[in-house]
file query.tsv (TSV, C-alpha atoms)
chain	number	residue	atom	x	y	z
A	564	MET	CA	80.09	60.53	53.65
A	565	SER	CA	79.58	61.66	57.24
A	566	LYS	CA	77.83	64.93	57.88
A	567	HIS	CA	79.92	67.71	59.41
A	568	ILE	CA	78.78	70.14	62.10
A	569	LEU	CA	80.47	73.21	63.57
A	570	ILE	CA	79.53	74.06	67.15
A	571	VAL	CA	80.69	77.50	68.22
A	572	GLY	CA	81.08	77.64	71.99
A	573	ALA	CA	81.58	73.93	72.68
A	574	SER	CA	83.79	74.26	75.74
A	575	ARG	CA	81.12	73.56	78.36
A	576	GLY	CA	77.40	73.30	79.10
A	577	ILE	CA	75.00	72.93	76.19
A	578	GLY	CA	77.70	73.41	73.57
A	579	LEU	CA	79.77	70.58	74.99
A	580	GLY	CA	76.65	68.45	75.29
A	581	LEU	CA	75.84	69.07	71.63
A	582	ALA	CA	79.37	68.16	70.57
A	583	LYS	CA	79.08	64.83	72.38
A	584	GLU	CA	75.57	64.16	71.06
A	585	PHE	CA	76.40	64.80	67.41
A	586	LYS	CA	79.60	62.77	67.71
A	587	ALA	CA	77.55	59.88	69.11
A	588	ARG	CA	75.22	60.18	66.11
A	589	GLY	CA	78.10	59.68	63.71
A	590	TRP	CA	78.65	63.29	62.64
A	591	ASP	CA	82.09	64.78	62.14
A	592	VAL	CA	82.30	67.51	64.77
A	593	THR	CA	84.32	70.72	64.92
A	594	GLY	CA	84.00	72.62	68.19
A	595	THR	CA	85.33	76.01	69.16
A	596	GLU	CA	86.56	77.42	72.45
A	597	ARG	CA	87.73	80.85	73.61
A	598	SER	CA	90.31	79.36	75.96
A	599	LYS	CA	91.37	75.76	76.45
A	600	SER	CA	88.64	73.51	77.80
A	601	GLU	CA	89.91	70.28	79.33
A	602	GLU	CA	86.41	68.78	79.04
A	603	LEU	CA	86.23	69.48	75.31
A	604	HIS	CA	89.75	68.19	74.68
A	605	ALA	CA	88.84	65.00	76.53
A	606	VAL	CA	86.19	64.14	73.90
A	607	GLU	CA	87.86	61.85	71.39
A	608	GLY	CA	87.70	62.65	67.71
A	609	ILE	CA	86.55	66.29	67.79
A	610	GLN	CA	88.44	68.93	65.84
A	611	ILE	CA	88.96	72.00	68.01
A	612	GLU	CA	89.50	75.61	66.96
A	613	THR	CA	89.90	78.82	68.96
A	614	LEU	CA	87.25	81.49	68.28
A	615	ASP	CA	85.62	84.43	70.07
A	616	VAL	CA	82.34	85.82	68.68
A	617	THR	CA	83.32	89.33	69.83
A	618	GLU	CA	86.67	89.17	67.98
A	619	PRO	CA	86.18	89.04	64.19
A	620	SER	CA	89.92	88.52	63.74
A	621	THR	CA	89.40	84.95	65.05
A	622	PHE	CA	86.71	84.04	62.52
A	623	ASP	CA	89.19	83.05	59.82
A	624	ALA	CA	90.20	80.03	61.92
A	625	ILE	CA	87.17	78.23	60.47
A	626	GLU	CA	87.76	76.40	57.21
A	627	GLY	CA	85.99	73.68	55.26
A	628	GLU	CA	82.33	72.91	54.60
A	629	PHE	CA	79.56	72.08	57.03
A	630	ASP	CA	76.08	70.61	56.87
A	631	ALA	CA	75.11	72.46	60.05
A	632	VAL	CA	76.46	75.27	62.18
A	633	ILE	CA	75.30	76.08	65.72
A	634	VAL	CA	76.42	79.40	67.19
A	635	ASN	CA	76.20	78.77	70.92
A	636	ALA	CA	77.60	81.87	72.56
A	637	GLY	CA	76.10	83.94	75.31
A	638	ILE	CA	76.36	85.68	78.65
A	639	THR	CA	73.72	86.73	81.15
A	640	GLY	CA	75.09	90.25	81.42
A	641	ALA	CA	75.37	92.48	84.48
A	642	ARG	CA	73.99	90.92	87.65
A	643	HIS	CA	71.48	93.75	88.25
A	644	GLN	CA	69.83	93.16	84.82
A	645	SER	CA	68.12	96.56	85.12
A	646	SER	CA	67.49	98.99	82.26
A	647	GLU	CA	67.63	101.78	84.84
A	648	GLN	CA	71.04	100.83	86.21
A	649	ALA	CA	72.64	99.65	82.98
A	650	THR	CA	75.73	101.49	81.77
A	651	ALA	CA	76.66	101.90	78.11
A	652	GLU	CA	79.50	99.40	78.62
A	653	GLU	CA	77.18	96.78	80.14
A	654	VAL	CA	74.67	97.15	77.31
A	655	ALA	CA	77.40	96.96	74.69
A	656	GLU	CA	78.90	93.82	76.22
A	657	VAL	CA	75.70	91.79	76.34
A	658	ILE	CA	74.38	92.96	72.96
A	659	MET	CA	77.68	92.33	71.20
A	660	THR	CA	78.21	88.90	72.79
A	661	ASN	CA	74.63	87.64	72.45
A	662	ALA	CA	73.41	89.32	69.26
A	663	PHE	CA	75.71	91.23	66.93
A	664	GLY	CA	78.79	89.04	67.40
A	665	PRO	CA	76.86	85.83	66.62
A	666	ALA	CA	75.10	87.48	63.65
A	667	HIS	CA	78.41	88.73	62.24
A	668	LEU	CA	79.91	85.27	62.62
A	669	GLY	CA	76.84	83.61	61.13
A	670	LYS	CA	77.06	85.71	57.98
A	671	LYS	CA	80.78	85.02	57.75
A	672	LEU	CA	80.12	81.27	57.97
A	673	LEU	CA	77.30	81.07	55.43
A	674	PRO	CA	79.66	80.37	52.50
A	675	HIS	CA	80.94	77.37	54.48
A	676	ILE	CA	77.45	75.83	54.82
A	677	ARG	CA	76.38	73.41	52.11
A	678	GLN	CA	73.15	74.07	50.24
A	679	GLY	CA	70.28	72.54	52.19
A	680	GLY	CA	72.21	72.88	55.45
A	681	SER	CA	71.33	74.90	58.53
A	682	LEU	CA	72.61	77.81	60.62
A	683	SER	CA	71.34	77.87	64.20
A	684	PHE	CA	71.68	80.46	66.94
A	685	MET	CA	71.28	79.54	70.61
A	686	SER	CA	68.46	81.82	71.71
A	687	SER	CA	66.03	81.66	74.62
A	688	LEU	CA	62.30	81.82	75.25
A	689	MET	CA	63.23	84.93	77.25
A	690	GLY	CA	63.83	86.60	73.89
A	691	SER	CA	60.15	86.25	72.96
A	692	ILE	CA	58.34	89.61	73.02
A	693	GLU	CA	54.90	87.98	73.06
A	694	ASP	CA	55.82	85.70	75.97
A	695	SER	CA	57.71	88.28	78.03
A	696	SER	CA	56.81	88.65	81.70
A	697	GLY	CA	59.34	91.44	82.27
A	698	GLY	CA	62.57	91.48	84.23
A	699	TYR	CA	66.05	90.40	83.13
A	700	ASP	CA	66.11	93.46	80.88
A	701	LEU	CA	69.64	93.07	79.56
A	702	TYR	CA	69.46	89.37	78.79
A	703	ARG	CA	65.95	89.46	77.32
A	704	THR	CA	66.76	92.39	75.07
A	705	SER	CA	69.95	90.78	73.79
A	706	LYS	CA	68.15	87.57	72.84
A	707	THR	CA	65.28	89.48	71.20
A	708	ALA	CA	67.89	91.35	69.16
A	709	GLN	CA	69.54	88.06	68.24
A	710	ASN	CA	66.22	86.65	67.01
A	711	MET	CA	65.63	89.72	64.85
A	712	LEU	CA	69.10	89.49	63.33
A	713	ALA	CA	68.69	85.74	62.73
A	714	LYS	CA	65.39	86.23	60.92
A	715	GLY	CA	66.99	88.95	58.81
A	716	ILE	CA	69.74	86.54	57.79
A	717	ALA	CA	67.08	83.94	56.95
A	718	GLU	CA	65.18	86.35	54.72
A	719	GLN	CA	68.25	87.57	52.87
A	720	GLU	CA	71.67	85.88	52.70
A	721	ALA	CA	70.58	82.41	53.84
A	722	LYS	CA	67.57	82.27	51.51
A	723	GLU	CA	69.85	82.93	48.56
A	724	ARG	CA	71.99	79.95	49.56
A	725	GLY	CA	69.15	77.57	50.48
A	726	VAL	CA	70.18	77.45	54.14
A	727	THR	CA	67.70	77.03	57.01
A	728	VAL	CA	68.07	79.45	59.94
A	729	LEU	CA	66.94	78.45	63.43
A	730	SER	CA	66.71	80.33	66.72
A	731	LEU	CA	66.92	77.57	69.31
A	732	HIS	CA	65.52	77.58	72.85
A	733	PRO	CA	67.34	74.83	74.79
A	734	GLY	CA	64.90	74.80	77.70
A	735	TRP	CA	65.77	75.59	81.29
A	736	VAL	CA	68.95	73.53	81.53
A	737	GLN	CA	71.16	72.50	84.44
A	738	THR	CA	74.23	74.52	83.43
A	739	ASP	CA	76.29	77.24	85.09
A	740	MET	CA	73.83	79.76	83.64
A	741	GLY	CA	70.65	77.75	84.27
A	742	GLY	CA	71.57	76.69	87.78
A	743	PRO	CA	71.05	73.43	89.67
A	744	ASN	CA	67.27	73.88	89.97
A	745	ALA	CA	66.71	73.88	86.20
A	746	LYS	CA	64.17	71.38	84.85
A	747	ILE	CA	66.22	69.38	82.34
A	748	THR	CA	69.73	68.00	82.01
A	749	VAL	CA	72.28	69.01	79.41
A	750	GLU	CA	71.92	65.57	77.83
A	751	GLU	CA	68.13	65.90	77.47
A	752	SER	CA	68.44	69.35	75.92
A	753	ALA	CA	71.25	68.32	73.56
A	754	LYS	CA	69.33	65.27	72.32
A	755	GLY	CA	66.24	67.37	71.57
A	756	LEU	CA	68.21	70.16	69.91
A	757	ALA	CA	70.07	67.63	67.76
A	758	ASP	CA	66.74	66.19	66.60
A	759	VAL	CA	65.55	69.70	65.67
A	760	VAL	CA	68.72	70.47	63.71
A	761	GLU	CA	68.65	67.13	61.90
A	762	ASN	CA	65.02	67.77	60.87
A	763	ALA	CA	65.52	71.39	59.69
A	764	ARG	CA	63.56	71.90	56.48
A	765	GLY	CA	64.05	75.42	55.13
A	766	GLY	CA	63.11	78.98	56.03
A	767	TYR	CA	63.26	80.33	59.58
A	768	ALA	CA	61.94	79.03	62.88
A	769	PHE	CA	62.10	80.10	66.52
A	770	ILE	CA	61.83	76.67	68.08
A	771	ASP	CA	62.53	74.83	71.33
A	772	TYR	CA	64.32	71.57	72.05
A	773	THR	CA	61.07	69.59	71.79
A	774	GLY	CA	60.35	70.89	68.27
A	775	LYS	CA	57.69	73.37	69.41
A	776	THR	CA	57.51	76.66	67.49
A	777	LEU	CA	57.70	79.65	69.85
A	778	PRO	CA	56.03	83.07	69.61
A	779	PHE	CA	58.33	85.70	68.17
call {"tool": "encode", "arguments": {"input": "query.tsv", "output": "structure tokens"}}
result
Amino acid sequence: MSKHILIVGASRGIGLGLAKEFKARGWDVTGTERSKSEELHAVEGIQIETLDVTEPSTFDAIEGEFDAVIVNAGITGARHQSSEQATAEEVAEVIMTNAFGPAHLGKKLLPHIRQGGSLSFMSSLMGSIEDSSGGYDLYRTSKTAQNMLAKGIAEQEAKERGVTVLSLHPGWVQTDMGGPNAKITVEESAKGLADVVENARGGYAFIDYTGKTLPF
């Protein structure tokens, strides 16, 4: 029986790349979008659902069982990225979209993940406290918060179900967010991330697309 993966946020960029990569590896793939993505719909054989990580009312669209789930949702946040300039609304938007929304969805999806499966969150090395060089206050803080929530899920609900939890760093990727000067292509990142997910072996890890464990 083919393995089944759910990729949340598969409409473009890394999420779309992952959907194509896992499909090429023979997995059954379900991908989600907030609004219709012509690129995603052009990929043959992918089941598509509509979901928004900031709208819990959309979570019930997901049915069935999965061997792996990747929650790939995120925004950079306000252009200024400054803790001094940030408004309550700007903080709420980036924290809800990058941290609490994904964590809420992840917990909701745990019963759909088979024992021995994995739940991954698309994080960033910029969420590492030990590695931080400062700047990008809003984005960094949101990803640090996401890592903390992911590890909490790993130590509680996921451990009870025998599900691995991963915080994934995709590298600096040539996407709308990463920009054209980024070091690696979407295809390179997706291939590495797929290898990491396929080799998940229990517990929690903050890990990059090459399989390197990152400082928390």
call {"tool": "residues_around", "arguments": {"input": "query.tsv", "residues": "region 673-690 of chain A", "least_positions_apart": "3", "cutoff": "9 Å", "atoms": "all atoms listed in the file", "output": "ChimeraX atom specification"}}
result
/A:625-637,661,665-666,668-670,694-696,699,702-710,713,720-721,724-734,760-761,763-765,769-771,777-779
call {"tool": "atom_distance", "arguments": {"input": "query.tsv", "atom1": "CA of Thr639 (chain A)", "atom2": "CA of Glu656 (chain A)"}}
result
10.1 Å
call {"tool": "residues_around", "arguments": {"input": "query.tsv", "residues": "region 649-651 of chain A", "least_positions_apart": "6", "cutoff": "9 Å", "atoms": "only C-alpha atoms", "output": "PyMOL selection string"}}
result
chain A and resi 641+643+701
call {"tool": "residues_around", "arguments": {"input": "query.tsv", "residues": "Ser620 (chain A)", "least_positions_apart": "3", "cutoff": "12 Å", "atoms": "only C-alpha atoms", "output": "PDB file with C-alpha atoms, keeping the file's coordinate frame"}}
result
ATOM      1  CA  THR A 613      89.900  78.820  68.960  1.00  0.00           C
ATOM      2  CA  LEU A 614      87.250  81.490  68.280  1.00  0.00           C
ATOM      3  CA  ASP A 615      85.620  84.430  70.070  1.00  0.00           C
ATOM      4  CA  VAL A 616      82.340  85.820  68.680  1.00  0.00           C
ATOM      5  CA  THR A 617      83.320  89.330  69.830  1.00  0.00           C
ATOM      6  CA  ASP A 623      89.190  83.050  59.820  1.00  0.00           C
ATOM      7  CA  ALA A 624      90.200  80.030  61.920  1.00  0.00           C
ATOM      8  CA  ILE A 625      87.170  78.230  60.470  1.00  0.00           C
ATOM      9  CA  GLY A 664      78.790  89.040  67.400  1.00  0.00           C
ATOM     10  CA  HIS A 667      78.410  88.730  62.240  1.00  0.00           C
ATOM     11  CA  LEU A 668      79.910  85.270  62.620  1.00  0.00           C
ATOM     12  CA  LYS A 671      80.780  85.020  57.750  1.00  0.00           C
TER      13      LYS A 671
END
call {"tool": "residues_around", "arguments": {"input": "query.tsv", "residues": "Thr773 (chain A)", "least_positions_apart": "2", "cutoff": "8 Å", "atoms": "only C-alpha atoms", "output": "VMD selection string"}}
result
chain A and resid 755 to 756 759 771 775
call {"tool": "axis_aligned_box", "arguments": {"input": "query.tsv", "around": "region 759-764 of chain A", "padding_each_side": "3 Å", "output": "JSON"}}
result
{"center_x": 66.1, "center_y": 69.5, "center_z": 61.1, "size_x": 11.2, "size_y": 10.8, "size_z": 15.2}
call {"tool": "atom_distance", "arguments": {"input": "query.tsv", "atom1": "CA of Leu579 (chain A)", "atom2": "CA of Ala717 (chain A)"}}
result
25.8 Å
call {"tool": "closest_residue", "arguments": {"input": "query.tsv", "among": "A:Gln610, A:Ala745, A:Arg588, A:Gly698", "to": "Ser645 (chain A)", "atoms": "all atoms listed in the file"}}
result
A:Gly698
call {"tool": "closest_residue", "arguments": {"input": "query.tsv", "among": "A:Val606, A:Ile577, A:Glu601, A:Glu584", "to": "Trp735 (chain A)", "atoms": "all atoms listed in the file"}}
result
A:Ile577
call {"tool": "atom_distance", "arguments": {"input": "query.tsv", "atom1": "CA of Lys566 (chain A)", "atom2": "CA of Asp591 (chain A)"}}
result
6.0 Å
call {"tool": "closest_residue", "arguments": {"input": "query.tsv", "among": "A:Gly576, A:Pro743, A:Gly594, A:Gly640", "to": "Glu652 (chain A)", "atoms": "all atoms listed in the file"}}
result
A:Gly640
call {"tool": "residues_around", "arguments": {"input": "query.tsv", "residues": "Glu607 (chain A)", "least_positions_apart": "5", "cutoff": "12 Å", "atoms": "all atoms listed in the file", "output": "short mmCIF file (atom, residue, chain, number, x, y, z; two decimals) with C-alpha atoms, in the frame of the given file"}}
result
data_model
loop_
_atom_site.label_atom_id
_atom_site.label_comp_id
_atom_site.auth_asym_id
_atom_site.auth_seq_id
_atom_site.Cartn_x
_atom_site.Cartn_y
_atom_site.Cartn_z
CA ALA A 582 79.37 68.16 70.57
CA LYS A 583 79.08 64.83 72.38
CA LYS A 586 79.60 62.77 67.71
CA ALA A 587 77.55 59.88 69.11
CA ASP A 591 82.09 64.78 62.14
CA VAL A 592 82.30 67.51 64.77
CA THR A 593 84.32 70.72 64.92
CA GLY A 594 84.00 72.62 68.19
CA GLU A 601 89.91 70.28 79.33
CA GLU A 602 86.41 68.78 79.04
#
call {"tool": "closest_residue", "arguments": {"input": "query.tsv", "among": "A:Ser752, A:Asn744, A:Ile716, A:Ala573", "to": "Leu672 (chain A)", "atoms": "only C-alpha atoms"}}
result
A:Ile716
call {"tool": "build_atoms", "arguments": {"input": "query.tsv", "residues": "region 598-609 of chain A", "atoms": "all heavy atoms", "output": "short mmCIF file (atom, residue, chain, number, x, y, z; two decimals), in the frame of the given file"}}
result
data_model
loop_
_atom_site.label_atom_id
_atom_site.label_comp_id
_atom_site.auth_asym_id
_atom_site.auth_seq_id
_atom_site.Cartn_x
_atom_site.Cartn_y
_atom_site.Cartn_z
N SER A 598 89.09 79.78 75.30
CA SER A 598 90.31 79.36 75.96
C SER A 598 90.22 77.86 76.17
O SER A 598 89.13 77.28 76.08
CB SER A 598 90.49 80.08 77.30
OG SER A 598 89.35 79.88 78.12
N LYS A 599 91.34 77.22 76.45
CA LYS A 599 91.37 75.76 76.45
C LYS A 599 90.41 75.16 77.47
O LYS A 599 90.40 75.52 78.64
CB LYS A 599 92.78 75.25 76.72
CG LYS A 599 92.89 73.74 76.58
CD LYS A 599 94.31 73.24 76.66
CE LYS A 599 94.36 71.73 76.48
NZ LYS A 599 95.74 71.20 76.53
N SER A 600 89.59 74.24 76.98
CA SER A 600 88.64 73.51 77.80
C SER A 600 89.10 72.06 77.93
O SER A 600 89.12 71.33 76.94
CB SER A 600 87.24 73.55 77.18
OG SER A 600 86.40 72.54 77.73
N GLU A 601 89.47 71.66 79.12
CA GLU A 601 89.91 70.28 79.33
C GLU A 601 88.80 69.29 79.00
O GLU A 601 89.05 68.21 78.46
CB GLU A 601 90.37 70.09 80.77
CG GLU A 601 91.58 70.94 81.17
CD GLU A 601 92.84 70.59 80.40
OE1 GLU A 601 92.90 69.48 79.82
OE2 GLU A 601 93.77 71.43 80.36
N GLU A 602 87.55 69.67 79.31
CA GLU A 602 86.41 68.78 79.04
C GLU A 602 86.24 68.55 77.54
O GLU A 602 86.00 67.42 77.10
CB GLU A 602 85.12 69.37 79.62
CG GLU A 602 85.02 69.31 81.12
CD GLU A 602 83.69 69.84 81.61
OE1 GLU A 602 83.49 71.06 81.54
OE2 GLU A 602 82.85 69.03 82.02
N LEU A 603 86.37 69.61 76.76
CA LEU A 603 86.23 69.48 75.31
C LEU A 603 87.38 68.65 74.74
O LEU A 603 87.17 67.78 73.89
CB LEU A 603 86.18 70.85 74.65
CG LEU A 603 86.04 70.87 73.12
CD1 LEU A 603 84.77 70.16 72.67
CD2 LEU A 603 86.06 72.31 72.60
N HIS A 604 88.58 68.92 75.19
CA HIS A 604 89.75 68.19 74.68
C HIS A 604 89.72 66.72 75.07
O HIS A 604 90.39 65.90 74.44
CB HIS A 604 91.03 68.86 75.16
CG HIS A 604 91.38 70.11 74.40
ND1 HIS A 604 92.30 70.14 73.38
CD2 HIS A 604 90.90 71.38 74.51
CE1 HIS A 604 92.39 71.37 72.89
NE2 HIS A 604 91.55 72.14 73.57
N ALA A 605 88.94 66.40 76.09
CA ALA A 605 88.84 65.00 76.53
C ALA A 605 87.90 64.17 75.65
O ALA A 605 87.89 62.95 75.74
CB ALA A 605 88.36 64.94 77.98
N VAL A 606 87.11 64.85 74.79
CA VAL A 606 86.19 64.14 73.90
C VAL A 606 86.96 63.69 72.66
O VAL A 606 87.46 64.51 71.89
CB VAL A 606 85.00 65.03 73.49
CG1 VAL A 606 84.04 64.24 72.61
CG2 VAL A 606 84.28 65.56 74.72
N GLU A 607 87.04 62.40 72.47
CA GLU A 607 87.86 61.85 71.39
C GLU A 607 87.25 62.12 70.02
O GLU A 607 86.04 62.00 69.83
CB GLU A 607 88.00 60.34 71.59
CG GLU A 607 88.98 59.69 70.64
CD GLU A 607 89.19 58.21 70.94
OE1 GLU A 607 88.76 57.77 72.04
OE2 GLU A 607 89.75 57.51 70.08
N GLY A 608 88.11 62.54 69.10
CA GLY A 608 87.70 62.65 67.71
C GLY A 608 87.05 63.95 67.30
O GLY A 608 86.48 64.04 66.21
N ILE A 609 87.12 64.98 68.13
CA ILE A 609 86.55 66.29 67.79
C ILE A 609 87.67 67.24 67.38
O ILE A 609 88.68 67.36 68.09
CB ILE A 609 85.76 66.87 68.97
CG1 ILE A 609 84.48 66.05 69.21
CG2 ILE A 609 85.39 68.34 68.72
CD1 ILE A 609 83.62 66.55 70.34
#
